[in-house]
Amino acid sequence: MNNRGFTLLEVLITCTIIAILAAVVVPSYQRYTYRAHRVATQAEMTDYAHQAERYRSANNTYSGFSLPSTTSPRDEDPAKYNLRLTVSADAFSIRATPSGTQTKDECGTLTINQAGQRTNSTGTTSKCW
């Protein structure tokens with residue numbers, strides 16, 4: 001007897017295995033992408049904090065400093081975080097609020113200030129920063 005093709009049972013088993021693998025892989029991939037966007041934003045926030053320090057060194061105040069961009073990452077569309085600067089003569093705070101799909105990230109809103117203190121609204125700081 002010459003067998004051709006696959007039986008229905010073989011096809012169903014294959015589909016079940018693929019579905020199980022997808023159920024494991026997709027959430028893992030999403031966590032990876034959230035983390036990649038978060039790390040890119042943290043790098044930009046740290047760069048902006050350094051720019052603010054250079055501005056203060058030159059002007060003896062943080063007043064007048066502004067962010068080069070209000071979204072992060074700069075080269076991504078759509079942006080994953082909205083940036084907001086709060087500034088006074090002797091202090092500043094840069095806050096990154098997640099937007100779009102990034103709102104599902106476990107770390108929530110990220111903040112850095114003139115003292116280098118890094119915080120996040122949810123999750124553990126050691127894991128998020």
# chains A, B, ... in the order shown; residues from 1 in each chain; ligands from 1
$ residues_around --residues "Asp75 of chain A" --least-positions-apart "6" --cutoff "12 Å" --atoms "only C-alpha atoms" --output "MDAnalysis selection string"
chainID A and resid 37 40:41 44 69 81
$ residues_around --residues "Asn120 of chain A" --least-positions-apart "2" --cutoff "7 Å" --atoms "only C-alpha atoms" --output "PyMOL selection string"
chain A and resi 107-111+122+125
$ write_last_selection --atoms "C-alpha atoms" --output "PDB file, in the first residue's frame"
ATOM      1  CA  CYS A 107       7.981  49.127  35.449  1.00  0.00           C
ATOM      2  CA  GLY A 108       5.523  51.928  34.650  1.00  0.00           C
ATOM      3  CA  THR A 109       6.720  55.531  34.775  1.00  0.00           C
ATOM      4  CA  LEU A 110      10.493  56.095  35.045  1.00  0.00           C
ATOM      5  CA  THR A 111      12.066  59.108  36.757  1.00  0.00           C
ATOM      6  CA  THR A 122       5.657  49.967  39.665  1.00  0.00           C
ATOM      7  CA  THR A 125      13.749  49.526  41.079  1.00  0.00           C
TER       8      THR A 125
END
$ residues_around --residues "Gln102 of chain A" --least-positions-apart "5" --cutoff "12 Å" --atoms "only C-alpha atoms" --output "ChimeraX atom specification"
/A:30-38,41,72-73,78-82,96-97,107-109
$ closest_residue --among "A:Ser57, A:Ser66, A:Thr46, A:Thr14" --to "Arg118 of chain A" --atoms "only C-alpha atoms"
A:Thr46
$ closest_residue --among "A:Ala89, A:Ala43, A:Cys128, A:Ile13" --to "Tyr55 of chain A" --atoms "only C-alpha atoms"
A:Ala89
